[in-house]
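Novice: The structure file final-v3.cif (mmCIF, C-alpha atoms) is provided below.
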```cif
data_target
#
loop_
_atom_site.label_atom_id
_atom_site.label_comp_id
_atom_site.auth_asym_id
_atom_site.auth_seq_id
_atom_site.Cartn_x
_atom_site.Cartn_y
_atom_site.Cartn_z
CA MET A 1418 -6.41 33.67 -63.75
CA ASN A 1419 -9.73 35.36 -64.51
CA SER A 1420 -12.07 36.73 -61.87
CA LEU A 1421 -14.43 33.71 -61.82
CA LYS A 1422 -11.61 31.18 -61.49
CA PHE A 1423 -10.04 33.25 -58.71
CA LYS A 1424 -13.34 33.33 -56.79
CA ARG A 1425 -13.73 29.57 -57.16
CA PHE A 1426 -10.14 29.04 -56.03
CA LEU A 1427 -10.68 31.32 -53.04
CA ILE A 1428 -13.89 29.50 -52.08
CA LEU A 1429 -12.07 26.17 -52.36
CA ILE A 1430 -9.25 27.37 -50.08
CA ILE A 1431 -11.75 28.66 -47.52
CA ALA A 1432 -13.74 25.41 -47.65
CA VAL A 1433 -10.64 23.24 -47.28
CA THR A 1434 -9.40 25.38 -44.38
CA PHE A 1435 -12.77 25.25 -42.66
CA LEU A 1436 -13.11 21.50 -43.09
CA SER A 1437 -9.53 20.93 -41.94
CA THR A 1438 -10.17 23.05 -38.87
CA CYS A 1439 -13.38 21.18 -38.10
CA ALA A 1440 -11.66 17.82 -38.57
CA TRP A 1441 -8.82 18.84 -36.25
CA TYR A 1442 -11.29 20.14 -33.70
CA VAL A 1443 -13.24 16.89 -33.70
CA LEU A 1444 -10.15 14.65 -33.68
CA LYS A 1445 -8.00 16.58 -31.17
CA PRO A 1446 -7.13 14.66 -27.96
CA TYR A 1447 -9.29 16.74 -25.59
CA ASP A 1448 -12.72 18.33 -25.65
CA TYR A 1449 -11.33 21.40 -23.94
CA THR A 1450 -7.97 22.61 -22.59
CA VAL A 1451 -7.03 25.07 -19.86
CA THR A 1452 -3.56 26.44 -19.00
CA PHE A 1453 -2.34 28.54 -16.08
CA LYS A 1454 0.98 29.43 -14.45
CA THR A 1455 1.97 29.10 -10.79
CA LYS A 1456 5.03 29.51 -8.58
CA ALA A 1457 4.45 26.07 -7.04
CA ASN A 1458 6.73 23.11 -7.74
CA PHE A 1459 5.50 19.79 -9.14
CA GLY A 1460 5.13 18.12 -5.75
CA THR A 1461 3.14 20.95 -4.20
CA ILE A 1462 0.73 21.03 -7.16
CA ASN A 1463 0.46 17.24 -7.12
CA GLN A 1464 -0.34 17.03 -3.41
CA THR A 1465 -2.73 20.00 -3.47
CA LEU A 1466 -4.56 18.44 -6.42
CA LYS A 1467 -4.96 15.15 -4.53
CA LEU A 1468 -6.13 16.84 -1.34
CA TRP A 1469 -8.64 18.94 -3.31
CA SER A 1470 -9.83 15.87 -5.18
CA ASN A 1471 -10.17 13.63 -2.10
CA SER A 1472 -11.36 16.06 0.55
CA ILE A 1473 -13.07 19.04 -1.06
CA LEU A 1474 -14.80 17.92 -4.25
CA ASP A 1475 -17.90 15.74 -3.80
CA SER A 1476 -17.25 13.05 -6.43
CA ALA A 1477 -13.66 13.18 -7.63
CA TYR A 1478 -11.00 10.49 -7.87
CA ILE A 1479 -7.37 10.21 -8.92
CA VAL A 1480 -7.54 7.43 -11.49
CA LYS A 1481 -3.90 7.33 -12.65
CA GLN A 1482 -0.54 8.87 -11.87
CA LYS A 1483 2.01 8.34 -14.62
CA SER A 1484 4.53 10.54 -12.83
CA LEU A 1485 4.63 13.38 -10.32
CA ASN A 1486 3.78 15.83 -13.09
CA ASP A 1487 1.27 13.70 -15.04
CA VAL A 1488 -1.99 12.87 -13.25
CA LYS A 1489 -5.45 11.85 -14.46
CA GLN A 1490 -8.49 12.73 -12.38
CA GLN A 1491 -12.16 11.82 -12.75
CA ILE A 1492 -14.83 14.30 -11.67
CA VAL A 1493 -18.49 13.28 -11.67
CA SER A 1494 -20.88 16.23 -11.81
CA ARG A 1495 -24.63 16.28 -12.42
CA GLY A 1496 -24.56 12.82 -13.92
CA ASN A 1497 -21.64 13.58 -16.24
CA SER A 1498 -18.20 11.97 -15.95
CA TYR A 1499 -15.20 14.13 -16.87
CA ILE A 1500 -11.55 13.09 -17.14
CA TYR A 1501 -9.06 15.86 -16.29
CA HIS A 1502 -5.51 15.18 -17.51
CA TRP A 1503 -3.10 17.36 -15.50
CA GLN A 1504 0.45 17.93 -16.76
CA PHE A 1505 3.05 20.26 -15.22
CA VAL A 1506 5.97 21.80 -17.13
CA ASN A 1507 8.88 23.84 -15.75
CA ILE A 1508 9.11 27.31 -17.30
CA ASN A 1509 12.04 28.38 -15.10
CA ASP A 1510 13.34 27.84 -11.54
CA SER A 1511 10.35 29.53 -9.94
CA LEU A 1512 7.50 29.14 -12.42
CA THR A 1513 5.46 26.13 -13.56
CA ARG A 1514 2.91 25.89 -16.36
CA VAL A 1515 -0.08 23.66 -15.64
CA ASN A 1516 -1.84 22.17 -18.68
CA ILE A 1517 -5.21 20.47 -18.21
CA GLY A 1518 -6.97 18.53 -20.97
CA ILE A 1519 -10.61 17.69 -20.26
CA ASN A 1520 -12.81 15.05 -21.86
CA ASP A 1521 -16.49 14.29 -21.25
CA GLU A 1522 -16.66 10.49 -21.27
CA ASN A 1523 -20.26 10.42 -22.58
CA HIS A 1524 -20.74 13.57 -24.69
CA SER A 1525 -17.32 14.22 -26.18
CA LEU A 1526 -18.30 14.70 -29.84
CA LYS A 1527 -21.31 16.84 -28.97
CA ASN A 1528 -19.19 19.11 -26.77
CA ARG A 1529 -16.58 19.57 -29.49
CA ILE A 1530 -19.18 20.53 -32.09
CA ASP A 1531 -21.11 22.79 -29.69
CA ASN A 1532 -17.92 24.54 -28.57
CA LEU A 1533 -17.29 25.58 -32.18
CA PHE A 1534 -20.37 27.76 -32.21
CA SER A 1535 -21.19 28.77 -28.63
CA TYR A 1536 -19.97 29.17 -25.07
CA THR A 1537 -21.40 25.95 -23.63
CA ASP A 1538 -22.39 24.87 -20.11
CA PHE A 1539 -19.59 22.29 -20.32
CA GLU A 1540 -17.03 25.02 -20.93
CA LYS A 1541 -18.46 27.19 -18.12
CA GLU A 1542 -18.36 24.28 -15.66
CA VAL A 1543 -14.77 23.39 -16.54
CA LYS A 1544 -13.60 26.99 -16.12
CA THR A 1545 -15.34 27.26 -12.75
CA THR A 1546 -13.77 24.01 -11.56
CA ILE A 1547 -10.24 25.04 -12.58
CA THR A 1548 -10.71 28.51 -11.07
CA ASP A 1549 -11.67 26.91 -7.75
CA PHE A 1550 -8.48 24.83 -7.80
CA VAL A 1551 -6.29 27.82 -8.68
CA THR A 1552 -7.78 29.74 -5.73
CA ILE A 1553 -7.10 26.85 -3.33
CA LEU A 1554 -3.53 26.47 -4.63
CA LYS A 1555 -2.82 30.19 -4.19
CA GLU A 1556 -4.21 30.15 -0.64
CA HIS A 1557 -2.07 27.12 0.18
CA LEU A 1558 1.11 28.76 -1.14
CA ASP A 1559 0.53 31.70 1.22
CA LYS A 1560 0.51 29.36 4.23
CA PHE A 1561 4.04 27.97 4.12
CA LYS A 1562 7.60 28.86 3.18
CA VAL A 1563 10.57 26.69 2.21
CA THR A 1564 14.15 27.99 2.33
CA ILE A 1565 16.90 25.84 0.82
CA ILE A 1566 20.12 25.90 2.89
CA GLY A 1567 22.30 23.51 0.87
CA GLU A 1568 24.68 20.70 1.81
CA VAL A 1569 25.20 19.99 5.54
CA ASN A 1570 25.71 17.06 7.90
CA ILE A 1571 22.73 15.53 9.72
CA PRO A 1572 23.59 15.71 13.46
CA GLU A 1573 24.14 12.32 15.13
CA VAL A 1574 21.63 11.52 17.85
CA TYR A 1575 20.43 8.57 19.92
CA CYS A 1576 16.66 8.28 20.20
CA ALA A 1577 13.64 6.32 21.36
CA TYR A 1578 11.12 5.83 18.59
CA VAL A 1579 7.79 4.40 17.48
CA SER A 1580 7.41 3.08 13.91
CA VAL A 1581 4.42 4.35 11.93
CA LYS A 1582 2.93 3.56 8.50
CA SER A 1583 0.61 6.13 6.91
CA LYS A 1584 -0.21 8.25 3.93
CA GLN A 1585 1.84 11.44 3.54
CA TYR A 1586 -1.08 13.69 4.48
CA ASN A 1587 -1.58 11.67 7.69
CA LYS A 1588 2.03 12.04 8.87
CA ALA A 1589 1.19 14.74 11.42
CA LYS A 1590 -1.73 12.63 12.68
CA GLY A 1591 0.61 9.69 13.20
CA MET A 1592 2.95 11.95 15.16
CA MET A 1593 0.17 13.30 17.38
CA GLN A 1594 -1.17 9.81 18.10
CA ASN A 1595 2.23 8.78 19.46
CA TYR A 1596 3.35 12.07 20.99
CA GLY A 1597 1.72 11.45 24.37
CA LEU A 1598 2.84 7.83 24.47
CA LEU A 1599 6.50 8.61 23.85
CA ASN A 1600 6.58 11.67 26.08
CA SER A 1601 4.80 10.14 29.09
CA VAL A 1602 6.50 6.72 28.99
CA LEU A 1603 9.99 8.21 28.69
CA ILE A 1604 9.43 10.67 31.53
CA GLN A 1605 7.79 8.06 33.78
CA ASN A 1606 10.84 5.84 33.32
CA HIS A 1607 13.26 8.67 34.08
CA ILE A 1608 14.74 8.66 30.59
CA VAL A 1609 16.38 12.01 29.91
CA LEU A 1610 15.19 13.77 26.76
CA ASN A 1611 17.96 15.30 24.64
CA GLY A 1612 16.53 17.26 21.73
CA ARG A 1613 13.53 17.99 19.57
CA PRO A 1614 11.07 15.49 18.04
CA ILE A 1615 12.20 13.89 14.78
CA VAL A 1616 10.49 12.12 11.91
CA ASP A 1617 12.90 9.74 10.18
CA VAL A 1618 11.31 8.48 6.96
CA THR A 1619 12.51 4.97 6.15
CA ASN A 1620 10.38 4.40 3.02
CA TRP A 1621 8.58 6.82 0.70
CA ASN A 1622 6.39 5.46 -2.10
CA MET A 1623 5.82 8.48 -4.33
CA GLN A 1624 3.42 6.54 -6.56
CA ASN A 1625 0.78 6.00 -3.88
CA ASP A 1626 1.93 8.67 -1.36
CA SER A 1627 2.55 6.15 1.43
CA ILE A 1628 5.37 6.43 3.96
CA HIS A 1629 6.98 4.41 6.73
CA PHE A 1630 8.61 6.56 9.39
CA ASP A 1631 10.08 6.41 12.87
CA PHE A 1632 8.74 9.10 15.19
CA CYS A 1633 11.75 9.73 17.41
CA TYR A 1634 12.57 11.48 20.68
CA PRO A 1635 16.30 12.13 21.17
CA ILE A 1636 17.43 10.82 24.56
CA ILE A 1637 20.60 10.46 26.61
CA LYS A 1638 21.95 6.95 26.00
CA GLN A 1639 22.19 5.00 29.23
CA GLU A 1640 23.85 1.67 30.00
CA LYS A 1641 20.49 0.09 30.80
CA LEU A 1642 17.25 1.24 29.22
CA PRO A 1643 13.85 -0.35 29.87
CA ASP A 1644 12.35 -2.67 27.26
CA PHE A 1645 8.97 -1.82 25.71
CA ASP A 1646 6.76 -3.61 23.21
CA ILE A 1647 6.24 -0.57 20.97
CA ILE A 1648 9.06 1.80 21.80
CA LYS A 1649 12.52 0.95 20.39
CA TYR A 1650 15.93 2.64 20.41
CA LYS A 1651 18.40 3.52 17.66
CA TRP A 1652 21.19 5.80 16.56
CA ILE A 1653 20.54 8.31 13.82
CA LYS A 1654 24.01 8.50 12.36
CA SER A 1655 25.58 11.67 11.04
CA LYS A 1656 25.57 11.78 7.24
CA LYS A 1657 25.77 14.32 4.46
CA ALA A 1658 22.47 15.75 3.27
CA ILE A 1659 20.88 18.74 1.64
CA LYS A 1660 18.84 20.85 4.05
CA ALA A 1661 15.81 23.13 3.93
CA VAL A 1662 13.99 25.14 6.59
CA TYR A 1663 10.21 24.79 6.48
CA ASN A 1664 7.83 27.31 8.04
CA GLY A 1665 4.15 26.40 8.19
CA ASN A 1666 1.73 23.77 9.44
CA TYR A 1667 3.54 20.47 9.93
CA ILE A 1668 0.77 18.64 8.06
CA THR A 1669 2.33 19.90 4.82
CA SER A 1670 6.01 19.86 5.73
CA ASP A 1671 6.48 17.37 2.88
CA ARG A 1672 6.36 20.37 0.54
CA ALA A 1673 9.99 20.83 1.56
CA TRP A 1674 10.74 17.25 0.44
CA TYR A 1675 9.75 18.13 -3.10
CA ALA A 1676 11.68 21.40 -2.98
CA LEU A 1677 14.81 19.48 -1.96
CA LEU A 1678 14.28 16.94 -4.76
CA GLU A 1679 14.03 19.78 -7.29
CA TYR A 1680 17.17 21.38 -5.84
CA ALA A 1681 19.00 18.05 -6.07
CA LYS A 1682 17.91 17.51 -9.67
CA LYS A 1683 18.92 21.02 -10.71
CA ASN A 1684 22.34 20.68 -9.07
CA LYS A 1685 22.88 17.05 -10.15
CA ILE A 1686 23.07 15.79 -6.57
CA LYS A 1687 22.19 12.15 -5.94
CA VAL A 1688 19.92 11.79 -2.93
CA SER A 1689 18.15 9.03 -1.03
CA LYS A 1690 14.41 9.72 -0.89
CA THR A 1691 14.28 9.18 2.88
CA PRO A 1692 13.80 12.65 4.38
CA LEU A 1693 14.41 13.44 8.03
CA GLU A 1694 12.52 16.21 9.82
CA VAL A 1695 13.31 18.03 13.09
CA PHE A 1696 10.41 19.95 14.65
CA TYR A 1697 10.92 23.10 16.74
CA ASN A 1698 7.33 23.92 17.77
CA ASN A 1699 4.54 22.12 19.59
CA PRO A 1700 1.38 22.46 17.43
CA ASN A 1701 -0.75 22.10 20.57
CA PHE A 1702 0.32 25.62 21.53
CA GLY A 1703 -1.14 27.07 18.30
CA GLY A 1704 0.07 30.48 17.17
CA ASP A 1705 1.03 31.81 13.75
CA GLU A 1706 1.80 28.71 11.66
CA LEU A 1707 4.25 30.63 9.47
CA ARG A 1708 6.38 30.97 12.62
CA TRP A 1709 6.47 27.21 13.14
CA LYS A 1710 9.84 25.83 12.12
CA ALA A 1711 11.12 22.46 10.97
CA GLU A 1712 14.52 21.50 9.60
CA ILE A 1713 14.22 19.10 6.68
CA TYR A 1714 17.12 16.92 5.50
CA MET A 1715 17.39 14.78 2.36
CA PRO A 1716 20.38 12.41 2.72
CA LEU A 1717 22.90 12.19 -0.10
CA ASN A 1718 23.19 8.91 -1.96
CA ASN A 1719 26.83 8.16 -2.67
CA ASN A 1720 26.21 4.78 -4.32
#
```
Just give me the structure as structure tokens.
Specialist:
Amino acid sequence: MNSLKFKRFLILIIAVTFLSTCAWYVLKPYDYTVTFKTKANFGTINQTLKLWSNSILDSAYIVKQKSLNDVKQQIVSRGNSYIYHWQFVNINDSLTRVNIGINDENHSLKNRIDNLFSYTDFEKEVKTTITDFVTILKEHLDKFKVTIIGEVNIPEVYCAYVSVKSKQYNKAKGMMQNYGLLNSVLIQNHIVLNGRPIVDVTNWNMQNDSIHFDFCYPIIKQEKLPDFDIIKYKWIKSKKAIKAVYNGNYITSDRAWYALLEYAKKNKIKVSKTPLEVFYNNPNFGGDELRWKAEIYMPLNNN
């Protein structure tokens, strides 16, 4: 091959490579992608993302949840509508990779072309947004601790309870709204308390983060107990479960639920997604939240 032919061949290769790269860049699924690693599990990332989206950002919405580790979010900023596609992947037992693909619903092609040649305002805004989330996630992880204990038996107890329906993040609110009612009514009727407050989850919809739970006070079972419209009685039977100890604000004690689900999956343990929580501290007394303690049980499913 002579020198001229070689130059033409080289130019052709460069042109084809450049055009192929441009075509891929224009046709790729996202305008921009961001990746980071965290020590949080899928559930903690999922719930932190939703809280950040619903309570902190001005105009953000969760538009679709395909699974716990696959969530689409819409963020509206300065008249632009962005879709953030969040996906979480296990790297090992303690590390998760978070992949985010971002599309501008109105200026997708322009962003892709501009990003080839310059560091755009779109790219700057996306990086700032993701950095804000990473900071919030890190701060949240410093505020609680979950310790897996393993397989145990849930202690049997008789209790008075009030049934509550709420979103997961409103669980503590539902407890506080009924704390005074249960406590005062039981004491006024000379019913003897026999343990620490319990949340017994009877239904957990992980798709829309809604729960039904019984907020229970263990009591001494008597032959005759007064009848109430709201307050009922039941046995919480002893059963096998996997257990964790949660330290932190009770608003986010459900982080232990997800830790137990991961533990169960890793160890091929079948569980019923109806966690039971036993609370050792009264949040009204304040103090260091990392010293607050709750025992969290996830019952085994032997079916």
Novice: Restricting the calculation to only C-alpha atoms, which member of A:Lys1656, A:Ile1668, A:Val1616, A:Leu1677 is positioned closest to Glu1694 of chain A?
Specialist: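 Nearest to Glu1694 of chain A: A:Val1616.
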Novice: Could you tell me which residues the PyMOL selection byres ((chain A and resi 1498) around 10) returns for this structure, as a ChimeraX atom specification?
Specialist: /A:1476-1477,1491-1497,1499-1501,1520-1524
Novice: Grab the residues selected above and save them as a PDB file, keeping the file's coordinate frame with C-alpha atoms.
Specialist:
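Saved result, part.pdb, follows:
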```pdb
ATOM      1  CA  SER A1476     -17.250  13.050  -6.430  1.00  0.00           C
ATOM      2  CA  ALA A1477     -13.660  13.180  -7.630  1.00  0.00           C
ATOM      3  CA  GLN A1491     -12.160  11.820 -12.750  1.00  0.00           C
ATOM      4  CA  ILE A1492     -14.830  14.300 -11.670  1.00  0.00           C
ATOM      5  CA  VAL A1493     -18.490  13.280 -11.670  1.00  0.00           C
ATOM      6  CA  SER A1494     -20.880  16.230 -11.810  1.00  0.00           C
ATOM      7  CA  ARG A1495     -24.630  16.280 -12.420  1.00  0.00           C
ATOM      8  CA  GLY A1496     -24.560  12.820 -13.920  1.00  0.00           C
ATOM      9  CA  ASN A1497     -21.640  13.580 -16.240  1.00  0.00           C
ATOM     10  CA  TYR A1499     -15.200  14.130 -16.870  1.00  0.00           C
ATOM     11  CA  ILE A1500     -11.550  13.090 -17.140  1.00  0.00           C
ATOM     12  CA  TYR A1501      -9.060  15.860 -16.290  1.00  0.00           C
ATOM     13  CA  ASN A1520     -12.810  15.050 -21.860  1.00  0.00           C
ATOM     14  CA  ASP A1521     -16.490  14.290 -21.250  1.00  0.00           C
ATOM     15  CA  GLU A1522     -16.660  10.490 -21.270  1.00  0.00           C
ATOM     16  CA  ASN A1523     -20.260  10.420 -22.580  1.00  0.00           C
ATOM     17  CA  HIS A1524     -20.740  13.570 -24.690  1.00  0.00           C
TER      18      HIS A1524
END
```
Novice: Would you write out, as a list in words, every residue that the PyMOL selection byres ((chain A and resi 1593) around 12) captures in this file?
Specialist: Val1579, Val1581, Asn1587, Lys1588, Ala1589, Lys1590, Gly1591, Met1592, Gln1594, Asn1595, Tyr1596, Gly1597, Leu1598, Leu1599, Asn1600, Pro1614, Val1616, Phe1632, Tyr1667, Ile1668, Asn1699, Pro1700 and Asn1701 of chain A
Novice: What is the atom CA of Tyr1680 of chain A-atom CA of Thr1564 of chain A distance in Å, reported with one decimal?
Specialist: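 Atom-to-atom, atom CA of Tyr1680 of chain A and atom CA of Thr1564 of chain A are spaced 10.9 Å apart.
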Novice: Please indicate the distance in Å from atom CA of Ile1608 of chain A to atom CA of Ser1580 of chain A, rounded to one decimal place.
Specialist: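 One can read the atom CA of Ile1608 of chain A to atom CA of Ser1580 of chain A distance as 19.1 Å.
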Novice: Excluding Ile1636 of chain A and any residue of its chain fewer than 6 positions from it, enumerate the residues within 6 Å of it, using all atoms listed in the file, and give them as a PDB file with C-alpha atoms, in the coordinates of the input.
Specialist:
```
ATOM      1  CA  TYR A1575      20.430   8.570  19.920  1.00  0.00           C
ATOM      2  CA  CYS A1576      16.660   8.280  20.200  1.00  0.00           C
ATOM      3  CA  VAL A1609      16.380  12.010  29.910  1.00  0.00           C
ATOM      4  CA  LEU A1610      15.190  13.770  26.760  1.00  0.00           C
ATOM      5  CA  ASN A1611      17.960  15.300  24.640  1.00  0.00           C
TER       6      ASN A1611
END
```
Novice: Name the residues that the PyMOL selection byres ((chain A and resi 1582) around 7) picks from the file above, as a list of chain:residue names, using the file's chain letters and numbers.
Specialist: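 On the file shown, the PyMOL selection byres ((chain A and resi 1582) around 7) covers A:Val1581, A:Ser1583, A:Ile1628, A:His1629, A:Phe1630.
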Novice: For segment 1512-1517 of chain A, work out the shell of residues within 10 Å, counting all atoms listed in the file and skipping chain neighbours fewer than 6 positions away, then give it as a count of residues only.
Specialist: 25
Novice: Ranking A:Thr1546, A:Tyr1650, A:Asn1463, A:Asn1606 by minimum distance to Tyr1675 of chain A and counting all atoms listed in the file, which one comes first?
Specialist: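 With all atoms listed in the file as the atom set, the closest residue is A:Asn1463.
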Novice: Might you pull out every residue within 6 Å of segment 1703-1707 of chain A, with all atoms listed in the file counted and same-chain residues fewer than 6 positions away left off, and present them as a list in words?
Specialist: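 Residues meeting the cut-off are Phe1561, Asn1664, Gly1665 and Asn1666 of chain A.
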Novice: Between atom CA of Val1551 of chain A and atom CA of Gln1624 of chain A, what is the distance, to one decimal in Å?
Specialist: 23.5 Å
Novice: For Glu1540 of chain A, which residue among A:Ser1601, A:His1557, A:Val1695, A:Asp1448 is the nearest when counting all atoms listed in the file?
Specialist: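 Nearest to Glu1540 of chain A: A:Asp1448.
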Novice: Assuming 4 Å of padding per side, give the centre and edge lengths of the axis-aligned box around every listed atom of segment 1462-1480 of chain A, in Å to one decimal and as lines of an AutoDock Vina configuration file.
Specialist:
```
center_x = -8.6
center_y = 14.2
center_z = -5.5
size_x = 26.6
size_y = 21.6
size_z = 20.0
```
Novice: Using 10 Å as the limit and counting all atoms listed in the file, can you tabulate each residue of segment 1546-1624 of chain A that touches segment 1712-1717 of chain A, with its shortest atom-to-atom distance in Å and the two atoms involved, as a tab-separated table?
Specialist:
```
residue	atom	partner	partner_atom	distance
A:Val1563	CA	A:Ile1713	CA	9.5
A:Thr1564	CA	A:Glu1712	CA	9.8
A:Ile1565	CA	A:Ile1713	CA	9.3
A:Ile1566	CA	A:Ile1713	CA	9.8
A:Gly1567	CA	A:Tyr1714	CA	9.6
A:Glu1568	CA	A:Leu1717	CA	8.9
A:Val1569	CA	A:Tyr1714	CA	8.6
A:Asn1570	CA	A:Pro1716	CA	8.8
A:Ile1571	CA	A:Tyr1714	CA	7.2
A:Ile1615	CA	A:Glu1712	CA	9.5
A:Val1616	CA	A:Ile1713	CA	9.5
A:Asp1617	CA	A:Tyr1714	CA	9.6
A:Val1618	CA	A:Met1715	CA	9.9
```
Novice: Which one of A:Arg1613, A:Lys1541, A:Lys1657, A:Arg1672 sits closest to Gln1464 of chain A if you count all atoms listed in the file?
Specialist: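 Checking each candidate against Gln1464 of chain A, we get A:Arg1672 as the closest.
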Novice: When you look at Ser1470 of chain A with a cut-off of 8 Å (counting only C-alpha atoms), what residues show up, excluding the ones that are within fewer than 4 positions of it in the same chain? I need them as JSON, numbers by chain.
Specialist: {"A": [1466, 1474, 1477, 1478, 1479, 1490]}
Novice: Which residue, A:Thr1669, A:Asn1719, A:Asn1684, A:Ser1655, has the smallest gap to Lys1562 of chain A when you use only C-alpha atoms?
Specialist: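 Selected residue with least distance to Lys1562 of chain A: A:Thr1669.
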Novice: Starting from the structure just given, write a file holding segment 1507-1527 of chain A with C-alpha atoms, as a PDB file, in the first residue's frame.
Specialist:
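Printed below is result_6.pdb as written:
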```pdb
ATOM      1  CA  ASN A1507     -24.991  -5.198  44.523  1.00  0.00           C
ATOM      2  CA  ILE A1508     -21.191  -5.139  44.312  1.00  0.00           C
ATOM      3  CA  ASN A1509     -20.714  -7.226  47.476  1.00  0.00           C
ATOM      4  CA  ASP A1510     -22.379  -7.733  50.886  1.00  0.00           C
ATOM      5  CA  SER A1511     -21.667  -4.188  52.024  1.00  0.00           C
ATOM      6  CA  LEU A1512     -21.395  -2.122  48.845  1.00  0.00           C
ATOM      7  CA  THR A1513     -23.969  -1.000  46.266  1.00  0.00           C
ATOM      8  CA  ARG A1514     -23.421   0.728  42.940  1.00  0.00           C
ATOM      9  CA  VAL A1515     -26.028   3.344  42.021  1.00  0.00           C
ATOM     10  CA  ASN A1516     -26.474   4.037  38.302  1.00  0.00           C
ATOM     11  CA  ILE A1517     -28.531   7.050  37.220  1.00  0.00           C
ATOM     12  CA  GLY A1518     -29.503   7.717  33.605  1.00  0.00           C
ATOM     13  CA  ILE A1519     -30.878  11.204  32.948  1.00  0.00           C
ATOM     14  CA  ASN A1520     -32.957  12.444  30.027  1.00  0.00           C
ATOM     15  CA  ASP A1521     -34.219  15.953  29.292  1.00  0.00           C
ATOM     16  CA  GLU A1522     -37.753  15.414  27.999  1.00  0.00           C
ATOM     17  CA  ASN A1523     -37.681  18.524  25.774  1.00  0.00           C
ATOM     18  CA  HIS A1524     -34.044  19.071  24.740  1.00  0.00           C
ATOM     19  CA  SER A1525     -32.589  15.579  24.576  1.00  0.00           C
ATOM     20  CA  LEU A1526     -30.912  15.752  21.149  1.00  0.00           C
ATOM     21  CA  LYS A1527     -29.513  19.231  21.764  1.00  0.00           C
TER      22      LYS A1527
END
```
